[in-house]
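As provided, structure.json (JSON, C-alpha atoms) reads as follows.
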[["chain", "number", "residue", "atom", "x", "y", "z"],
["A", 1, "MET", "CA", 0.00, 0.00, 0.00],
["A", 2, "LEU", "CA", 1.33, 3.42, -0.93],
["A", 3, "THR", "CA", 1.63, 6.08, 1.76],
["A", 4, "ILE", "CA", 2.12, 9.79, 1.22],
["A", 5, "ASN", "CA", 2.94, 11.93, 4.26],
["A", 6, "GLY", "CA", 1.79, 9.08, 6.49],
["A", 7, "ILE", "CA", -1.62, 8.81, 4.78],
["A", 8, "ALA", "CA", -2.55, 5.50, 3.18],
["A", 9, "VAL", "CA", -3.48, 5.85, -0.49],
["A", 10, "VAL", "CA", -5.61, 3.17, -2.17],
["A", 11, "LEU", "CA", -5.36, 2.75, -5.92],
["A", 12, "VAL", "CA", -8.82, 2.76, -7.50],
["A", 13, "VAL", "CA", -9.09, 1.07, -10.87],
["A", 14, "LEU", "CA", -10.98, 3.14, -13.44],
["A", 15, "PHE", "CA", -12.69, 1.55, -16.44],
["A", 16, "ALA", "CA", -14.18, 3.09, -19.57],
["A", 17, "PHE", "CA", -17.90, 3.07, -20.39],
["A", 18, "GLY", "CA", -19.15, 0.39, -22.76],
["A", 19, "ASP", "CA", -15.91, -1.59, -23.07],
["A", 20, "THR", "CA", -14.93, -5.01, -21.83],
["A", 21, "HIS", "CA", -11.37, -5.37, -20.56],
["A", 22, "ASN", "CA", -9.00, -8.16, -19.68],
["A", 23, "PHE", "CA", -6.85, -7.54, -16.62],
["A", 24, "ASN", "CA", -4.02, -9.50, -15.10],
["A", 25, "PHE", "CA", -3.32, -7.98, -11.68],
["A", 26, "ASN", "CA", -1.31, -9.72, -9.00],
["A", 27, "PHE", "CA", -2.57, -9.97, -5.44],
["A", 28, "ARG", "CA", -0.41, -8.57, -2.68],
["A", 29, "LYS", "CA", -0.39, -10.31, 0.66],
["A", 30, "GLY", "CA", -1.09, -7.84, 3.40],
["A", 31, "LYS", "CA", -3.05, -6.99, 6.50],
["A", 32, "ASP", "CA", -6.85, -6.90, 6.81],
["A", 33, "ASP", "CA", -8.77, -3.92, 5.46],
["A", 34, "VAL", "CA", -6.57, -3.48, 2.39],
["A", 35, "ALA", "CA", -8.23, -2.79, -0.95],
["A", 36, "ARG", "CA", -6.70, -4.91, -3.68],
["A", 37, "PRO", "CA", -7.23, -4.98, -7.46],
["A", 38, "ILE", "CA", -9.39, -7.73, -8.91],
["A", 39, "LYS", "CA", -7.35, -10.67, -10.18],
["A", 40, "THR", "CA", -8.29, -12.18, -13.54],
["A", 41, "ASN", "CA", -6.50, -14.08, -16.24],
["A", 42, "GLN", "CA", -6.62, -13.76, -20.04],
["A", 43, "ASN", "CA", -9.80, -15.84, -20.26],
["A", 44, "ASN", "CA", -11.77, -13.88, -17.65],
["A", 45, "GLN", "CA", -13.46, -10.64, -18.62],
["A", 46, "LEU", "CA", -14.89, -7.93, -16.40],
["A", 47, "ALA", "CA", -17.94, -5.90, -17.38],
["A", 48, "ALA", "CA", -17.17, -2.24, -17.82],
["A", 49, "ALA", "CA", -17.56, -0.13, -14.71],
["A", 50, "LYS", "CA", -16.59, 3.38, -13.74],
["A", 51, "ASN", "CA", -14.63, 2.38, -10.68],
["A", 52, "ARG", "CA", -14.36, -0.70, -8.50],
["A", 53, "VAL", "CA", -12.68, -1.54, -5.20],
["A", 54, "VAL", "CA", -12.48, -5.01, -3.66],
["A", 55, "TYR", "CA", -11.79, -5.65, 0.04],
["A", 56, "PHE", "CA", -10.81, -9.03, 1.52],
["A", 57, "TRP", "CA", -10.71, -10.18, 5.12],
["A", 58, "ARG", "CA", -9.34, -13.61, 5.96],
["A", 59, "GLY", "CA", -10.74, -15.37, 9.02],
["A", 60, "MET", "CA", -13.14, -12.61, 10.10],
["A", 61, "ASN", "CA", -14.77, -13.80, 13.30],
["A", 62, "ASP", "CA", -17.23, -11.15, 14.54],
["A", 63, "ASP", "CA", -19.64, -12.31, 17.24],
["A", 64, "ARG", "CA", -21.53, -9.03, 17.74],
["A", 65, "ASP", "CA", -25.30, -9.23, 17.56],
["A", 66, "SER", "CA", -25.83, -5.56, 16.75],
["A", 67, "GLY", "CA", -23.64, -2.80, 15.34],
["A", 68, "ASN", "CA", -21.11, -2.08, 12.64],
["A", 69, "ILE", "CA", -19.11, -5.02, 11.27],
["A", 70, "LYS", "CA", -16.88, -3.05, 8.85],
["A", 71, "THR", "CA", -16.78, 0.46, 7.38],
["A", 72, "VAL", "CA", -14.68, 1.30, 4.34],
["A", 73, "GLY", "CA", -14.19, 4.39, 2.21],
["A", 74, "PHE", "CA", -15.00, 4.82, -1.46],
["A", 75, "ASN", "CA", -14.45, 7.77, -3.77],
["A", 76, "LYS", "CA", -17.50, 8.11, -6.03],
["A", 77, "GLY", "CA", -16.60, 9.92, -9.24],
["A", 78, "TYR", "CA", -19.98, 11.03, -10.63],
["A", 79, "ASP", "CA", -23.36, 12.24, -9.38],
["A", 80, "HIS", "CA", -25.42, 10.33, -11.98],
["A", 81, "THR", "CA", -24.06, 6.84, -11.22],
["A", 82, "ALA", "CA", -25.23, 4.17, -8.79],
["A", 83, "LEU", "CA", -23.19, 2.16, -6.30],
["A", 84, "LYS", "CA", -23.44, -1.61, -6.49],
["A", 85, "VAL", "CA", -22.31, -3.31, -3.28],
["A", 86, "SER", "CA", -21.78, -7.03, -2.70],
["A", 87, "TRP", "CA", -20.84, -8.67, 0.61],
["A", 88, "ILE", "CA", -19.88, -12.33, 0.28],
["A", 89, "GLY", "CA", -19.15, -14.19, 3.49],
["A", 90, "ASN", "CA", -20.18, -16.57, 6.21],
["A", 91, "PHE", "CA", -23.10, -15.81, 8.58],
["A", 92, "ARG", "CA", -24.67, -17.68, 11.42],
["A", 93, "GLY", "CA", -28.26, -16.84, 12.00],
["A", 94, "PRO", "CA", -29.98, -15.90, 15.19],
["A", 95, "PHE", "CA", -29.03, -19.09, 17.12],
["A", 96, "GLY", "CA", -32.24, -19.00, 19.08],
["A", 97, "ALA", "CA", -35.84, -20.08, 18.59],
["A", 98, "GLY", "CA", -38.10, -17.24, 17.43],
["A", 99, "LYS", "CA", -35.20, -14.81, 17.00],
["A", 100, "CYS", "CA", -33.98, -12.87, 13.99],
["A", 101, "ASN", "CA", -30.89, -11.00, 12.77],
["A", 102, "ARG", "CA", -30.60, -8.53, 9.91],
["A", 103, "TRP", "CA", -27.42, -7.64, 7.97],
["A", 104, "TYR", "CA", -27.50, -4.36, 6.02],
["A", 105, "PHE", "CA", -25.45, -1.68, 4.25],
["A", 106, "THR", "CA", -25.22, 2.00, 5.16],
["A", 107, "PHE", "CA", -23.94, 4.88, 3.03],
["A", 108, "LYS", "CA", -22.59, 7.87, 4.95],
["A", 109, "GLY", "CA", -24.23, 6.39, 8.06],
["A", 110, "LYS", "CA", -27.73, 5.95, 6.56],
["A", 111, "GLU", "CA", -29.45, 3.06, 4.86],
["A", 112, "CYS", "CA", -30.11, 3.32, 1.14],
["A", 113, "ALA", "CA", -33.46, 4.93, 0.33],
["A", 114, "ASN", "CA", -33.29, 4.81, -3.47],
["A", 115, "PRO", "CA", -34.66, 2.37, -4.35],
["A", 116, "PHE", "CA", -34.69, 0.43, -1.02],
["A", 117, "PRO", "CA", -32.41, -0.70, 1.84],
["A", 118, "ILE", "CA", -29.85, -3.35, 0.87],
["A", 119, "ASP", "CA", -30.25, -6.10, 3.45],
["A", 120, "THR", "CA", -30.98, -9.69, 4.35],
["A", 121, "GLN", "CA", -32.62, -11.30, 7.39],
["A", 122, "MET", "CA", -32.31, -14.69, 9.04],
["A", 123, "TYR", "CA", -35.09, -16.02, 11.27],
["A", 124, "GLN", "CA", -35.01, -19.34, 13.12],
["A", 125, "THR", "CA", -37.77, -21.36, 14.72],
["A", 126, "VAL", "CA", -35.33, -23.69, 16.50],
["A", 127, "LYS", "CA", -31.91, -23.17, 18.11],
["A", 128, "ASN", "CA", -29.41, -24.17, 15.41],
["A", 129, "ASN", "CA", -25.70, -23.40, 15.15],
["A", 130, "VAL", "CA", -25.43, -23.47, 11.36],
["A", 131, "HIS", "CA", -22.83, -21.27, 9.63],
["A", 132, "GLY", "CA", -23.23, -20.78, 5.89],
["A", 133, "SER", "CA", -22.11, -18.69, 2.97],
["A", 134, "HIS", "CA", -24.34, -15.72, 2.13],
["A", 135, "THR", "CA", -24.31, -12.84, -0.32],
["A", 136, "VAL", "CA", -25.93, -9.47, 0.32],
["A", 137, "ARG", "CA", -25.96, -7.23, -2.74],
["A", 138, "GLY", "CA", -27.84, -4.39, -4.33],
["A", 139, "PHE", "CA", -27.78, -0.96, -5.93],
["A", 140, "CYS", "CA", -28.08, 2.43, -4.31],
["A", 141, "PHE", "CA", -28.92, 5.53, -6.36],
["A", 142, "GLY", "CA", -28.80, 9.21, -5.47],
["A", 143, "ILE", "CA", -25.47, 9.26, -3.66],
["A", 144, "PRO", "CA", -23.53, 12.39, -4.65],
["A", 145, "LYS", "CA", -19.98, 12.16, -5.97],
["A", 146, "GLY", "CA", -17.12, 12.39, -3.49],
["A", 147, "SER", "CA", -16.01, 10.44, -0.45],
["A", 148, "VAL", "CA", -18.57, 7.86, 0.73],
["A", 149, "SER", "CA", -18.27, 5.74, 3.87],
["A", 150, "ILE", "CA", -19.90, 2.36, 3.30],
["A", 151, "GLY", "CA", -20.80, 0.30, 6.34],
["A", 152, "PHE", "CA", -21.88, -3.30, 6.73],
["A", 153, "ASN", "CA", -23.93, -3.81, 9.88],
["A", 154, "VAL", "CA", -25.92, -6.36, 11.82],
["A", 155, "GLY", "CA", -28.94, -5.76, 14.01],
["A", 156, "LYS", "CA", -32.51, -6.55, 14.97],
["A", 157, "CYS", "CA", -35.25, -7.50, 12.54],
["A", 158, "PRO", "CA", -38.44, -5.42, 12.85],
["A", 159, "GLY", "CA", -40.99, -7.21, 15.03],
["A", 160, "HIS", "CA", -38.70, -9.99, 16.32],
["A", 161, "PRO", "CA", -36.33, -10.40, 19.28],
["A", 162, "LEU", "CA", -32.62, -9.91, 18.56],
["A", 163, "GLY", "CA", -30.76, -13.13, 17.91],
["A", 164, "ASN", "CA", -27.17, -14.20, 18.55],
["A", 165, "ALA", "CA", -25.51, -13.37, 15.21],
["A", 166, "HIS", "CA", -22.09, -14.32, 13.93],
["A", 167, "THR", "CA", -20.40, -12.76, 10.87],
["A", 168, "GLY", "CA", -17.50, -14.58, 9.26],
["A", 169, "TRP", "CA", -15.98, -17.79, 10.54],
["A", 170, "ALA", "CA", -12.77, -19.38, 9.28],
["A", 171, "THR", "CA", -13.34, -18.21, 5.68],
["A", 172, "THR", "CA", -12.53, -15.27, 3.44],
["A", 173, "THR", "CA", -15.03, -12.41, 3.41],
["A", 174, "THR", "CA", -15.20, -10.17, 0.35],
["A", 175, "LEU", "CA", -16.73, -6.72, -0.19],
["A", 176, "VAL", "CA", -17.01, -5.44, -3.77],
["A", 177, "ILE", "CA", -18.01, -1.81, -4.39],
["A", 178, "THR", "CA", -18.63, -0.80, -7.99],
["A", 179, "GLU", "CA", -19.69, 2.56, -9.40],
["A", 180, "VAL", "CA", -21.92, 1.87, -12.41],
["A", 181, "ASP", "CA", -23.82, 3.88, -14.99],
["A", 182, "ILE", "CA", -27.17, 2.07, -15.07],
["A", 183, "ALA", "CA", -28.57, 4.32, -17.81],
["A", 184, "LYS", "CA", -25.86, 3.13, -20.23],
["A", 185, "GLY", "CA", -26.22, -0.52, -19.22],
["A", 186, "ASN", "CA", -22.80, -0.69, -17.63]]

Show the structure stored in the file as structure tokens.
Amino acid sequence: MLTINGIAVVLVVLFAFGDTHNFNFNFRKGKDDVARPIKTNQNNQLAAAKNRVVYFWRGMNDDRDSGNIKTVGFNKGYDHTALKVSWIGNFRGPFGAGKCNRWYFTFKGKECANPFPIDTQMYQTVKNNVHGSHTVRGFCFGIPKGSVSIGFNVGKCPGHPLGNAHTGWATTTTLVITEVDIAKGN
């Protein structure tokens, strides 16, 4: 990771509208919370996007039932674009009969309102300790260009008691943030 005057600088990969590109970036081994370029080979193609950052965490093991799991920064380049967010990782549901947990994204501390919140919920009728891979993804419109803090959180489901959540567990967790121009089909 590059530092300038003691400030960490993250390289953001910019792509052109309407094109498909092949990339061959190498991963760097490093500490948690480091944005890294997307690795592909000559046979893999990425859809065009304005800008994309990928975060990886190995062995995340967060046992909180409510609160912020991770918050990262993103520099949105345009007012007219949407942000597509995807969280891929291991969750354990409420671990209690009749309980529920909800995982959700926030943008600058607030849930997406355009078109809807980006979330998932897990409800259990029996006490089960089952960990499984889950993906939470969606689009958020109406976020102005500039610096955007993007949070991934866990909490209570409306109308149900708070369960005993678990986020991550002995696997790699990935967060992909992509700025896209929906109007142009990119």

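For the residues A:Ala82, A:Cys112, A:Leu175, A:Ala97, ranking by smallest atom-to-atom distance to Asn129 in chain A using only C-alpha atoms places A:Ala97 first.
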
Sorted by chain and rising residue number, list the residues of range 156-175 of chain A at most 6 Å from range 57-81 of chain A (counting all atoms listed in the file), each with its closest atom pair and distance in Å to one decimal, as a Markdown table.
| residue | atom | partner | partner_atom | distance |
| --- | --- | --- | --- | --- |
| A:Asn164 | CA | A:Asp65 | CA | 5.4 |
| A:Ala165 | CA | A:Asp65 | CA | 4.8 |
| A:His166 | CA | A:Asp63 | CA | 4.6 |
| A:Thr167 | CA | A:Asp62 | CA | 5.1 |
| A:Gly168 | CA | A:Met60 | CA | 4.9 |
| A:Trp169 | CA | A:Asn61 | CA | 5.0 |
| A:Ala170 | CA | A:Gly59 | CA | 4.5 |
| A:Thr171 | CA | A:Gly59 | CA | 5.1 |
| A:Thr172 | CA | A:Arg58 | CA | 4.4 |
| A:Thr173 | CA | A:Trp57 | CA | 5.2 |

Selection above as a file: C-alpha atoms, as a tab-separated table (two decimals), keeping the file's coordinate frame:
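Okay, this is what ended up in out_11.tsv:
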chain	number	residue	atom	x	y	z
A	164	ASN	CA	-27.17	-14.20	18.55
A	165	ALA	CA	-25.51	-13.37	15.21
A	166	HIS	CA	-22.09	-14.32	13.93
A	167	THR	CA	-20.40	-12.76	10.87
A	168	GLY	CA	-17.50	-14.58	9.26
A	169	TRP	CA	-15.98	-17.79	10.54
A	170	ALA	CA	-12.77	-19.38	9.28
A	171	THR	CA	-13.34	-18.21	5.68
A	172	THR	CA	-12.53	-15.27	3.44
A	173	THR	CA	-15.03	-12.41	3.41

I'd like to know which of A:Phe107, A:Phe139, A:Trp87, A:Tyr123 is closest to Pro158 in chain A, using only C-alpha atoms. A:Tyr123

Atomic distance CA of Gly146 in chain A - CA of Val85 in chain A, expressed in Å with one decimal: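 CA of Val85 in chain A lies 16.5 Å from CA of Gly146 in chain A.
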
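Closest approach to Cys100 in chain A among A:Thr125, A:Ser147, A:Asn51, A:Thr135: A:Thr125, based on all atoms listed in the file.
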
Between CA of Val176 in chain A and CA of Ser86 in chain A - distance in Å to one decimal: 5.1 Å

CA of Phe56 in chain A and CA of Tyr104 in chain A, how far apart in Å?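 Calculated distance between CA of Tyr104 in chain A and CA of Phe56 in chain A is 17.9 Å.
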
Range 141-150 of chain A, all listed atoms, 6 Å padding on each side: what axis-aligned box centre and edge lengths in Å to one decimal come out, as AutoDock Vina command-line options?
--center_x -22.5 --center_y 7.4 --center_z -1.2 --size_x 24.9 --size_y 22.0 --size_z 22.2

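Minimum atom-to-atom distance to His160 in chain A, evaluated using all atoms listed in the file, belongs to A:Gly96 out of A:Asp119, A:Gly96, A:Val130, A:Thr178.
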
Proximity to Asn153 in chain A - best of A:Asn128, A:Thr106, A:Ser133, A:Thr174, all atoms listed in the file: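 Among the listed residues, the smallest separation from Asn153 in chain A belongs to A:Thr106.
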